[in-house]
$ cat my_file-v4.txt   # compact mmCIF, C-alpha atoms
# COMPACT_ATOMS: atom_id res chain seq x y z
CA MET A 47 0.00 0.00 0.00
CA LYS A 48 1.27 3.44 -0.92
CA ALA A 49 2.80 5.70 1.74
CA TRP A 50 1.19 9.13 1.48
CA LYS A 51 3.10 12.36 2.12
CA VAL A 52 1.13 15.45 3.15
CA GLY A 53 1.93 19.12 2.84
CA LEU A 54 -0.34 21.23 5.04
CA VAL A 55 -0.94 24.92 4.37
CA GLY A 56 -2.37 27.07 7.16
CA THR A 57 -1.02 26.33 10.65
CA GLY A 58 -3.58 28.36 12.61
CA TYR A 59 -6.30 27.50 15.12
CA TRP A 60 -7.82 24.35 13.54
CA SER A 61 -4.63 22.88 12.04
CA GLU A 62 -3.80 21.02 15.24
CA LYS A 63 -6.77 18.69 14.74
CA HIS A 64 -5.66 17.93 11.17
CA LEU A 65 -2.06 17.29 12.21
CA ARG A 66 -3.02 15.15 15.18
CA ALA A 67 -5.22 13.00 12.93
CA TRP A 68 -2.54 12.61 10.24
CA SER A 69 -0.07 11.48 12.94
CA ARG A 70 -2.39 8.59 13.86
CA ILE A 71 -3.13 7.24 10.37
CA PRO A 72 -0.84 4.38 9.21
CA GLY A 73 1.00 5.03 5.98
CA VAL A 74 0.73 8.83 6.24
CA GLU A 75 3.47 11.35 7.01
CA VAL A 76 3.31 15.14 7.16
CA THR A 77 6.46 16.10 5.26
CA ALA A 78 5.93 19.87 4.85
CA LEU A 79 4.15 22.83 6.40
CA CYS A 80 3.35 26.21 4.85
CA ASN A 81 2.17 29.38 6.57
CA ARG A 82 2.61 33.13 6.17
CA SER A 83 3.66 33.48 9.83
CA ARG A 84 6.81 31.51 10.49
CA GLU A 85 6.39 31.64 14.27
CA LYS A 86 3.06 29.75 14.25
CA MET A 87 4.43 27.26 11.75
CA GLU A 88 7.53 26.56 13.82
CA ARG A 89 5.41 25.84 16.89
CA ARG A 90 3.33 23.31 14.95
CA ALA A 91 6.47 21.79 13.41
CA ALA A 92 8.04 21.29 16.84
CA GLU A 93 4.83 19.75 18.16
CA PHE A 94 4.44 17.26 15.30
CA GLY A 95 8.05 16.53 14.35
CA VAL A 96 8.21 18.28 10.98
CA PRO A 97 11.85 19.18 10.23
CA ALA A 98 12.92 22.81 9.98
CA ASP A 99 14.01 22.44 6.35
CA ALA A 100 10.44 21.42 5.39
CA LEU A 101 8.82 24.70 6.47
CA TYR A 102 7.72 27.19 3.81
CA THR A 103 6.29 30.70 3.85
CA SER A 104 5.63 30.43 0.10
CA PHE A 105 2.99 27.98 -1.17
CA ASP A 106 4.57 27.98 -4.63
CA GLU A 107 7.91 27.03 -3.10
CA MET A 108 6.34 24.17 -1.11
CA LEU A 109 4.75 22.77 -4.28
CA ALA A 110 8.01 23.07 -6.19
CA SER A 111 10.39 21.75 -3.53
CA ALA A 112 8.60 19.57 -0.97
CA ASP A 113 8.18 15.81 -1.30
CA ILE A 114 4.36 15.61 -1.04
CA ASP A 115 1.45 13.75 -2.65
CA ILE A 116 -1.38 15.54 -0.86
CA VAL A 117 -2.09 19.17 -0.05
CA ASP A 118 -4.22 19.75 3.06
CA ILE A 119 -5.64 23.29 2.82
CA VAL A 120 -6.52 24.67 6.27
CA THR A 121 -6.83 28.35 5.37
CA GLY A 122 -9.73 30.76 4.89
CA PRO A 123 -12.16 30.21 1.99
CA GLU A 124 -10.95 33.29 0.11
CA THR A 125 -7.61 31.49 -0.49
CA HIS A 126 -9.01 28.15 -1.63
CA LEU A 127 -9.30 28.77 -5.36
CA ALA A 128 -5.69 29.89 -5.70
CA TYR A 129 -4.24 27.16 -3.49
CA ALA A 130 -6.38 24.33 -4.87
CA SER A 131 -5.80 25.32 -8.49
CA LYS A 132 -2.04 25.42 -7.98
CA ALA A 133 -2.07 22.12 -6.09
CA ALA A 134 -4.12 20.48 -8.85
CA ALA A 135 -1.78 21.80 -11.55
CA ALA A 136 1.12 20.31 -9.59
CA GLY A 137 -0.60 16.91 -9.57
CA LYS A 138 -1.37 16.84 -5.83
CA HIS A 139 -4.52 15.36 -4.31
CA ILE A 140 -6.42 17.93 -2.26
CA MET A 141 -8.26 17.99 1.06
CA CYS A 142 -9.81 21.46 1.36
CA GLN A 143 -11.21 23.00 4.55
CA LYS A 144 -14.80 24.19 4.68
CA PRO A 145 -16.42 26.55 3.78
CA PHE A 146 -15.29 25.32 0.36
CA ALA A 147 -15.35 28.76 -1.33
CA PRO A 148 -16.86 32.25 -0.94
CA SER A 149 -19.07 31.71 -4.02
CA LEU A 150 -20.49 28.86 -6.08
CA GLU A 151 -18.52 30.13 -9.08
CA GLU A 152 -15.20 29.77 -7.23
CA ALA A 153 -16.20 26.36 -5.88
CA GLU A 154 -17.07 25.15 -9.37
CA ALA A 155 -13.72 26.47 -10.66
CA ILE A 156 -11.91 24.41 -8.00
CA VAL A 157 -13.85 21.28 -8.97
CA VAL A 158 -13.06 21.81 -12.66
CA ALA A 159 -9.36 22.40 -11.91
CA ALA A 160 -9.13 19.10 -10.02
CA GLU A 161 -11.05 17.17 -12.69
CA GLU A 162 -8.93 18.54 -15.53
CA ALA A 163 -5.71 17.72 -13.63
CA GLY A 164 -6.91 14.22 -12.74
CA VAL A 165 -6.44 14.66 -8.99
CA ARG A 166 -8.82 13.77 -6.14
CA LEU A 167 -10.59 16.53 -4.20
CA MET A 168 -12.47 16.27 -0.90
CA VAL A 169 -13.94 18.98 1.33
CA THR A 170 -13.13 18.72 5.04
CA GLU A 171 -16.66 18.39 6.42
CA ASN A 172 -16.09 16.84 9.84
CA TRP A 173 -19.58 17.34 11.36
CA ARG A 174 -21.04 14.20 9.74
CA TRP A 175 -18.14 12.26 11.29
CA LEU A 176 -18.97 13.29 14.88
CA GLN A 177 -20.04 10.49 17.23
CA PRO A 178 -23.71 11.47 17.70
CA PHE A 179 -24.41 11.87 13.99
CA ARG A 180 -22.71 8.56 13.10
CA THR A 181 -24.92 6.91 15.72
CA ILE A 182 -28.09 8.63 14.50
CA LYS A 183 -27.31 7.64 10.91
CA ARG A 184 -26.93 4.00 11.98
CA VAL A 185 -30.29 4.05 13.79
CA LEU A 186 -32.01 5.55 10.75
CA ASP A 187 -30.37 3.06 8.38
CA GLU A 188 -31.52 0.18 10.60
CA GLY A 189 -35.09 1.37 10.13
CA ARG A 190 -35.66 1.71 13.86
CA ILE A 191 -38.11 4.61 13.47
CA GLY A 192 -39.38 3.77 9.98
CA THR A 193 -39.96 6.36 7.28
CA VAL A 194 -38.87 9.80 8.49
CA ARG A 195 -41.59 12.47 8.37
CA MET A 196 -40.23 15.45 10.33
CA ALA A 197 -36.91 16.60 11.83
CA ARG A 198 -36.23 19.46 14.23
CA TYR A 199 -32.56 20.42 14.60
CA VAL A 200 -31.66 23.07 17.19
CA HIS A 201 -28.17 24.53 17.58
CA THR A 202 -27.65 27.01 20.43
CA ASP A 203 -24.80 29.03 21.86
CA TYR A 204 -24.26 32.33 23.64
CA TYR A 205 -21.14 33.33 21.74
CA THR A 206 -21.47 36.43 19.57
CA PRO A 207 -22.79 38.78 22.32
CA ARG A 208 -19.50 38.16 24.17
CA MET A 209 -17.32 39.14 21.16
CA ALA A 210 -16.74 42.70 22.37
CA PRO A 211 -13.81 44.61 20.80
CA GLY A 212 -10.54 43.68 22.45
CA VAL A 213 -11.89 40.39 23.83
CA ALA A 214 -9.77 37.43 22.69
CA ILE A 215 -11.70 34.83 20.68
CA PRO A 216 -10.34 31.73 18.91
CA GLN A 217 -11.21 32.99 15.40
CA PRO A 218 -11.20 36.83 15.45
CA PHE A 219 -12.21 37.04 11.77
CA PHE A 220 -15.74 35.99 12.81
CA ARG A 221 -16.38 39.62 13.78
CA GLU A 222 -15.87 40.86 10.21
CA MET A 223 -17.58 38.09 8.23
CA PRO A 224 -20.56 39.54 6.29
CA LYS A 225 -22.04 36.03 6.15
CA LEU A 226 -21.43 34.26 9.45
CA LEU A 227 -23.70 31.67 11.01
CA PHE A 228 -25.16 29.98 7.94
CA TYR A 229 -21.93 30.18 5.94
CA GLU A 230 -19.25 29.41 8.53
CA MET A 231 -21.36 26.87 10.47
CA GLY A 232 -24.26 26.31 8.09
CA VAL A 233 -22.22 24.20 5.71
CA HIS A 234 -21.68 21.76 8.60
CA TRP A 235 -25.39 21.50 9.31
CA PHE A 236 -26.44 21.25 5.69
CA ASP A 237 -23.86 18.58 4.92
CA THR A 238 -24.99 16.62 7.99
CA TRP A 239 -28.65 17.12 7.05
CA ARG A 240 -27.94 15.65 3.61
CA PHE A 241 -25.98 12.78 5.23
CA LEU A 242 -28.94 11.90 7.45
CA PHE A 243 -31.97 12.73 5.28
CA GLY A 244 -30.82 13.36 1.72
CA THR A 245 -30.90 16.60 -0.24
CA PRO A 246 -34.08 18.68 0.19
CA ASP A 247 -36.01 20.09 -2.73
CA ARG A 248 -36.31 23.59 -1.30
CA LEU A 249 -35.64 25.84 1.67
CA TYR A 250 -37.05 29.00 3.18
CA ALA A 251 -35.04 31.12 5.63
CA GLU A 252 -35.25 34.04 8.05
CA VAL A 253 -32.02 35.43 9.52
CA GLN A 254 -31.10 38.15 12.01
CA ARG A 255 -28.06 39.87 13.53
CA ILE A 256 -28.41 40.24 17.30
CA SER A 257 -24.90 40.97 18.60
CA PRO A 258 -23.60 44.51 17.98
CA PHE A 259 -20.05 43.16 17.77
CA ILE A 260 -20.31 41.34 14.43
CA GLU A 261 -21.06 42.15 10.78
CA GLY A 262 -22.96 39.03 9.78
CA GLU A 263 -26.00 37.17 11.07
CA ASP A 264 -25.94 35.15 14.30
CA SER A 265 -29.48 33.75 14.40
CA GLY A 266 -31.98 32.24 11.99
CA ILE A 267 -34.54 29.62 11.13
CA VAL A 268 -34.51 27.49 7.97
CA VAL A 269 -37.37 25.26 6.80
CA LEU A 270 -36.31 22.44 4.46
CA GLY A 271 -38.82 20.52 2.40
CA ALA A 272 -38.92 17.36 0.28
CA LYS A 273 -41.64 14.97 -0.84
CA GLY A 274 -43.24 13.41 2.24
CA PHE A 275 -40.77 15.08 4.60
CA PHE A 276 -39.91 18.47 6.00
CA GLY A 277 -37.58 19.77 8.67
CA LEU A 278 -36.67 22.81 10.71
CA LEU A 279 -33.20 24.13 11.50
CA ASP A 280 -33.23 26.61 14.39
CA ALA A 281 -29.77 28.06 14.99
CA SER A 282 -28.47 30.88 17.17
CA TRP A 283 -25.16 32.00 18.60
CA ALA A 284 -26.98 34.69 20.60
CA THR A 285 -29.38 32.75 22.82
CA ARG A 286 -29.22 31.80 26.49
CA GLN A 287 -32.04 29.25 26.16
CA LYS A 288 -30.02 26.05 26.58
CA LEU A 289 -27.02 27.04 28.66
CA ASP A 290 -26.34 24.04 30.89
CA ARG A 291 -22.95 25.08 32.25
CA PRO A 292 -21.13 28.21 33.48
CA LEU A 293 -19.60 30.07 30.54
CA GLY A 294 -16.42 31.03 32.44
CA GLU A 295 -14.11 33.92 31.65
CA ALA A 296 -12.68 32.72 28.33
CA VAL A 297 -14.83 33.52 25.29
CA GLY A 298 -15.21 30.57 22.97
CA PRO A 299 -17.92 28.38 21.48
CA VAL A 300 -20.18 26.30 23.72
CA HIS A 301 -22.16 24.58 20.99
CA LEU A 302 -25.22 22.68 22.22
CA GLU A 303 -27.04 20.40 19.78
CA GLN A 304 -30.56 18.95 19.84
CA LEU A 305 -32.28 16.83 17.22
CA VAL A 306 -35.74 15.25 17.22
CA ILE A 307 -36.68 12.98 14.30
CA ASP A 308 -40.26 11.75 13.98
CA GLY A 309 -40.74 8.53 12.04
CA GLU A 310 -43.67 6.26 11.36
CA ARG A 311 -42.51 3.71 13.94
CA GLY A 312 -40.95 5.94 16.58
CA THR A 313 -39.15 9.16 17.43
CA LEU A 314 -35.40 9.61 17.84
CA LYS A 315 -34.25 12.20 20.39
CA TYR A 316 -30.75 13.66 20.80
CA ASP A 317 -30.41 16.26 23.55
CA THR A 318 -27.73 18.62 24.83
CA SER A 319 -26.47 16.05 27.36
CA GLY A 320 -25.45 13.83 24.43
CA ARG A 321 -28.10 11.23 25.19
CA ILE A 322 -29.65 9.51 22.16
CA ALA A 323 -32.92 7.60 22.63
CA VAL A 324 -35.81 6.19 20.63
CA VAL A 325 -39.43 6.61 21.76
CA SER A 326 -41.71 3.74 20.75
CA ALA A 327 -44.52 4.16 18.22
CA ASP A 328 -47.25 4.23 20.88
CA GLY A 329 -45.26 6.59 23.11
CA SER A 330 -45.27 4.13 26.01
CA GLY A 331 -41.54 3.47 26.22
CA GLU A 332 -38.14 4.96 25.53
CA GLU A 333 -34.99 3.01 24.66
CA THR A 334 -31.58 4.56 25.30
CA ILE A 335 -29.24 4.12 22.34
CA LEU A 336 -26.35 6.03 23.92
CA GLU A 337 -26.46 7.39 27.46
CA THR A 338 -23.96 10.04 26.46
CA SER A 339 -22.17 11.13 23.33
CA GLU A 340 -19.98 14.09 22.49
CA LEU A 341 -19.01 16.42 19.68
CA ASP A 342 -15.65 14.62 19.47
CA HIS A 343 -13.93 16.91 16.96
CA GLU A 344 -10.49 15.27 17.16
CA GLU A 345 -11.91 11.79 16.59
CA SER A 346 -14.12 13.13 13.81
CA HIS A 347 -11.01 14.33 11.99
CA PHE A 348 -9.36 10.94 12.45
CA ARG A 349 -12.43 9.27 10.91
CA LEU A 350 -12.66 11.84 8.11
CA GLN A 351 -8.98 11.81 7.19
CA SER A 352 -8.86 8.01 7.40
CA HIS A 353 -11.76 7.98 4.92
CA PHE A 354 -9.79 10.31 2.62
CA ILE A 355 -6.78 7.97 2.63
CA ASP A 356 -8.93 4.84 2.27
CA CYS A 357 -10.58 6.32 -0.81
CA LEU A 358 -7.23 7.27 -2.32
CA ASN A 359 -6.10 3.67 -1.79
CA THR A 360 -9.25 2.01 -3.14
CA GLY A 361 -10.48 4.53 -5.71
CA GLU A 362 -13.86 4.79 -3.99
CA GLN A 363 -15.78 8.08 -4.01
CA PHE A 364 -15.31 10.55 -1.18
CA GLN A 365 -18.44 11.14 0.89
CA THR A 366 -17.82 14.90 0.62
CA SER A 367 -16.16 15.32 -2.76
CA GLY A 368 -15.79 18.80 -4.17
CA ALA A 369 -18.60 18.16 -6.65
CA ASP A 370 -20.91 16.94 -3.88
CA ASN A 371 -20.13 19.96 -1.71
CA LEU A 372 -21.44 22.29 -4.41
CA ILE A 373 -24.93 21.21 -3.32
CA THR A 374 -24.13 21.91 0.34
CA LEU A 375 -22.87 25.37 -0.63
CA ARG A 376 -26.02 25.91 -2.69
CA MET A 377 -28.01 25.34 0.50
CA ALA A 378 -25.83 27.74 2.52
CA PHE A 379 -26.03 30.52 -0.06
CA GLY A 380 -29.71 29.72 -0.56
CA VAL A 381 -30.33 30.83 3.03
CA TYR A 382 -29.20 34.37 2.21
CA GLU A 383 -31.07 34.38 -1.10
CA SER A 384 -34.30 33.27 0.57
CA ALA A 385 -33.93 35.66 3.51
CA ALA A 386 -33.43 38.58 1.12
CA SER A 387 -36.31 37.69 -1.22
CA ARG A 388 -38.68 36.30 1.43
CA MET A 389 -39.24 33.42 -0.99
CA PRO A 390 -38.37 29.70 -1.04
CA VAL A 391 -35.25 28.65 -2.95
CA ALA A 392 -35.02 25.46 -5.01
CA ILE A 393 -32.13 23.12 -4.14
CA LYS A 394 -32.60 19.76 -5.84
CA THR A 395 -32.86 21.29 -9.29
CA PHE A 396 -29.40 22.86 -8.90
CA HIS A 397 -26.88 21.73 -11.54
CA ARG A 398 -23.29 22.68 -12.17
CA LYS A 399 -22.76 25.22 -14.90
$ encode --input "my_file-v4.txt" --output "structure tokens"
Amino acid sequence: MKAWKVGLVGTGYWSEKHLRAWSRIPGVEVTALCNRSREKMERRAAEFGVPADALYTSFDEMLASADIDIVDIVTGPETHLAYASKAAAAGKHIMCQKPFAPSLEEAEAIVVAAEEAGVRLMVTENWRWLQPFRTIKRVLDEGRIGTVRMARYVHTDYYTPRMAPGVAIPQPFFREMPKLLFYEMGVHWFDTWRFLFGTPDRLYAEVQRISPFIEGEDSGIVVLGAKGFFGLLDASWATRQKLDRPLGEAVGPVHLEQLVIDGERGTLKYDTSGRIAVVSADGSGEETILETSELDHEESHFRLQSHFIDCLNTGEQFQTSGADNLITLRMAFGVYESAASRMPVAIKTFHRK
């Protein structure tokens, strides 16, 4: 089996999870790092054993000089087209962080660049690989609740109202993003929604900005519809409704997830404690599937990146290929289109240009 050599670009906040996962996967070695700030890069290199002569502040230089087969892009979406196009032209397989691109046009250009170069391209959508959603998918696939009729997904946090100027937050660029909640986080939810329930036909959205410390929206409701099924996504980073722990002094995300899925033969419930249970069809009993689960981000990256390598080795399709993620992006951008027009937006009829 081939040994895969990875060059990672972008050694900021989330890169640690990528690097930790790569270090655990047999047959994979991180052989180069690239970042504009050398100080951050050197800290990551020391932590993960990447030699000093394999550190680059120029992406072009890394592509030209480093011994790599894969480029792992862990930078902001505005850089993805340039980095992915260059990596594809250099014959490197690509794992690209979400959000995939700042527009559908740029995302499509990345997909075309990879296809024309004959390289593999996957978007780093780790939410579907989290423990609770893998468990929920298994329960649905086993037919435990029968045909799904309705889903209610609630995501809560009290994050953006604490982002006052001068307050340290893990990702300071959140304050300036003109599209925040349903772009930065929405792609996670929409990819996971498609993983669990398939792609909806349409969506309708209302969004709002509550915190005075941000540019984009931090709250909204999205209704998603398909034949025989509809669902509701209720998301807010500016609500106190489900706080179940002290927030503490440090300002960071405290994401709390809830999901209720009504089926013909029962109802699946996932609450903020991590408990997953199934209520019987007559409502008389409740079976615990998992007493507790967690949003295990590090393990989700290990599962995701292992999937990437497995597919490179076998030739199988990525679950979140670049082409597939165009539909997820269509849903994310559709939120803003619907909210502006006050009209539903079609999803399933979307086709690449």
$ residues_around --input "my_file-v4.txt" --residues "Glu310 (chain A)" --least-positions-apart "6" --cutoff "8 Å" --atoms "all atoms listed in the file" --output "list in words"
Ile191, Gly192, Thr193, Val194, Arg195 and Ala327 of chain A
$ axis_aligned_box --input "my_file-v4.txt" --around "region 180-185 of chain A" --padding-each-side "6 Å" --output "lines of an AutoDock Vina configuration file"
center_x = -26.5
center_y = 6.3
center_z = 13.3
size_x = 19.6
size_y = 16.6
size_z = 16.8
$ closest_atom_pairs --input "my_file-v4.txt" --of "region 148-195 of chain A" --to "region 209-232 of chain A" --cutoff "12 Å" --atoms "all atoms listed in the file" --output "tab-separated table"
residue	atom	partner	partner_atom	distance
A:Pro148	CA	A:Tyr229	CA	8.8
A:Ser149	CA	A:Tyr229	CA	10.5
A:Glu171	CA	A:Met231	CA	10.5
A:Asn172	CA	A:Met231	CA	11.3
A:Trp173	CA	A:Met231	CA	9.7
$ atom_distance --input "my_file-v4.txt" --atom1 "CA of His64 (chain A)" --atom2 "CA of Thr170 (chain A)"
9.7 Å
$ atom_distance --input "my_file-v4.txt" --atom1 "CA of Phe354 (chain A)" --atom2 "CA of Ile119 (chain A)"
13.6 Å
$ closest_residue --input "my_file-v4.txt" --among "A:Ala130, A:Ile267, A:Met87, A:Val306" --to "Glu161 (chain A)" --atoms "all atoms listed in the file"
A:Ala130
$ closest_residue --input "my_file-v4.txt" --among "A:Ile355, A:Ala392, A:Leu176, A:Ile307" --to "Met141 (chain A)" --atoms "only C-alpha atoms"
A:Ile355
$ residues_around --input "my_file-v4.txt" --residues "Gly294 (chain A)" --least-positions-apart "6" --cutoff "12 Å" --atoms "only C-alpha atoms" --output "PyMOL selection string"
chain A and resi 204-205+208+300
$ residues_around --input "my_file-v4.txt" --residues "region 331-343 of chain A" --least-positions-apart "4" --cutoff "7 Å" --atoms "all atoms listed in the file" --output "ChimeraX atom specification"
/A:176-178,319-326,347
$ residues_around --input "my_file-v4.txt" --residues "Tyr59 (chain A)" --least-positions-apart "2" --cutoff "10 Å" --atoms "all atoms listed in the file" --output "list in words"
Gly56, Thr57, Ser61, Glu62, Lys63, Lys86, Val120, Thr121, Pro216 and Gln217 of chain A
$ atom_distance --input "my_file-v4.txt" --atom1 "CA of Gly244 (chain A)" --atom2 "CA of Glu162 (chain A)"
28.3 Å
$ closest_residue --input "my_file-v4.txt" --among "A:Phe276, A:Asp247, A:Asp203, A:Lys138" --to "Leu293 (chain A)" --atoms "only C-alpha atoms"
A:Asp203
$ closest_residue --input "my_file-v4.txt" --among "A:Asp118, A:Phe105, A:Gly189, A:Ala369" --to "Trp68 (chain A)" --atoms "only C-alpha atoms"
A:Asp118
$ closest_residue --input "my_file-v4.txt" --among "A:Arg376, A:Val268, A:Val297, A:Ser282" --to "Met389 (chain A)" --atoms "all atoms listed in the file"
A:Val268
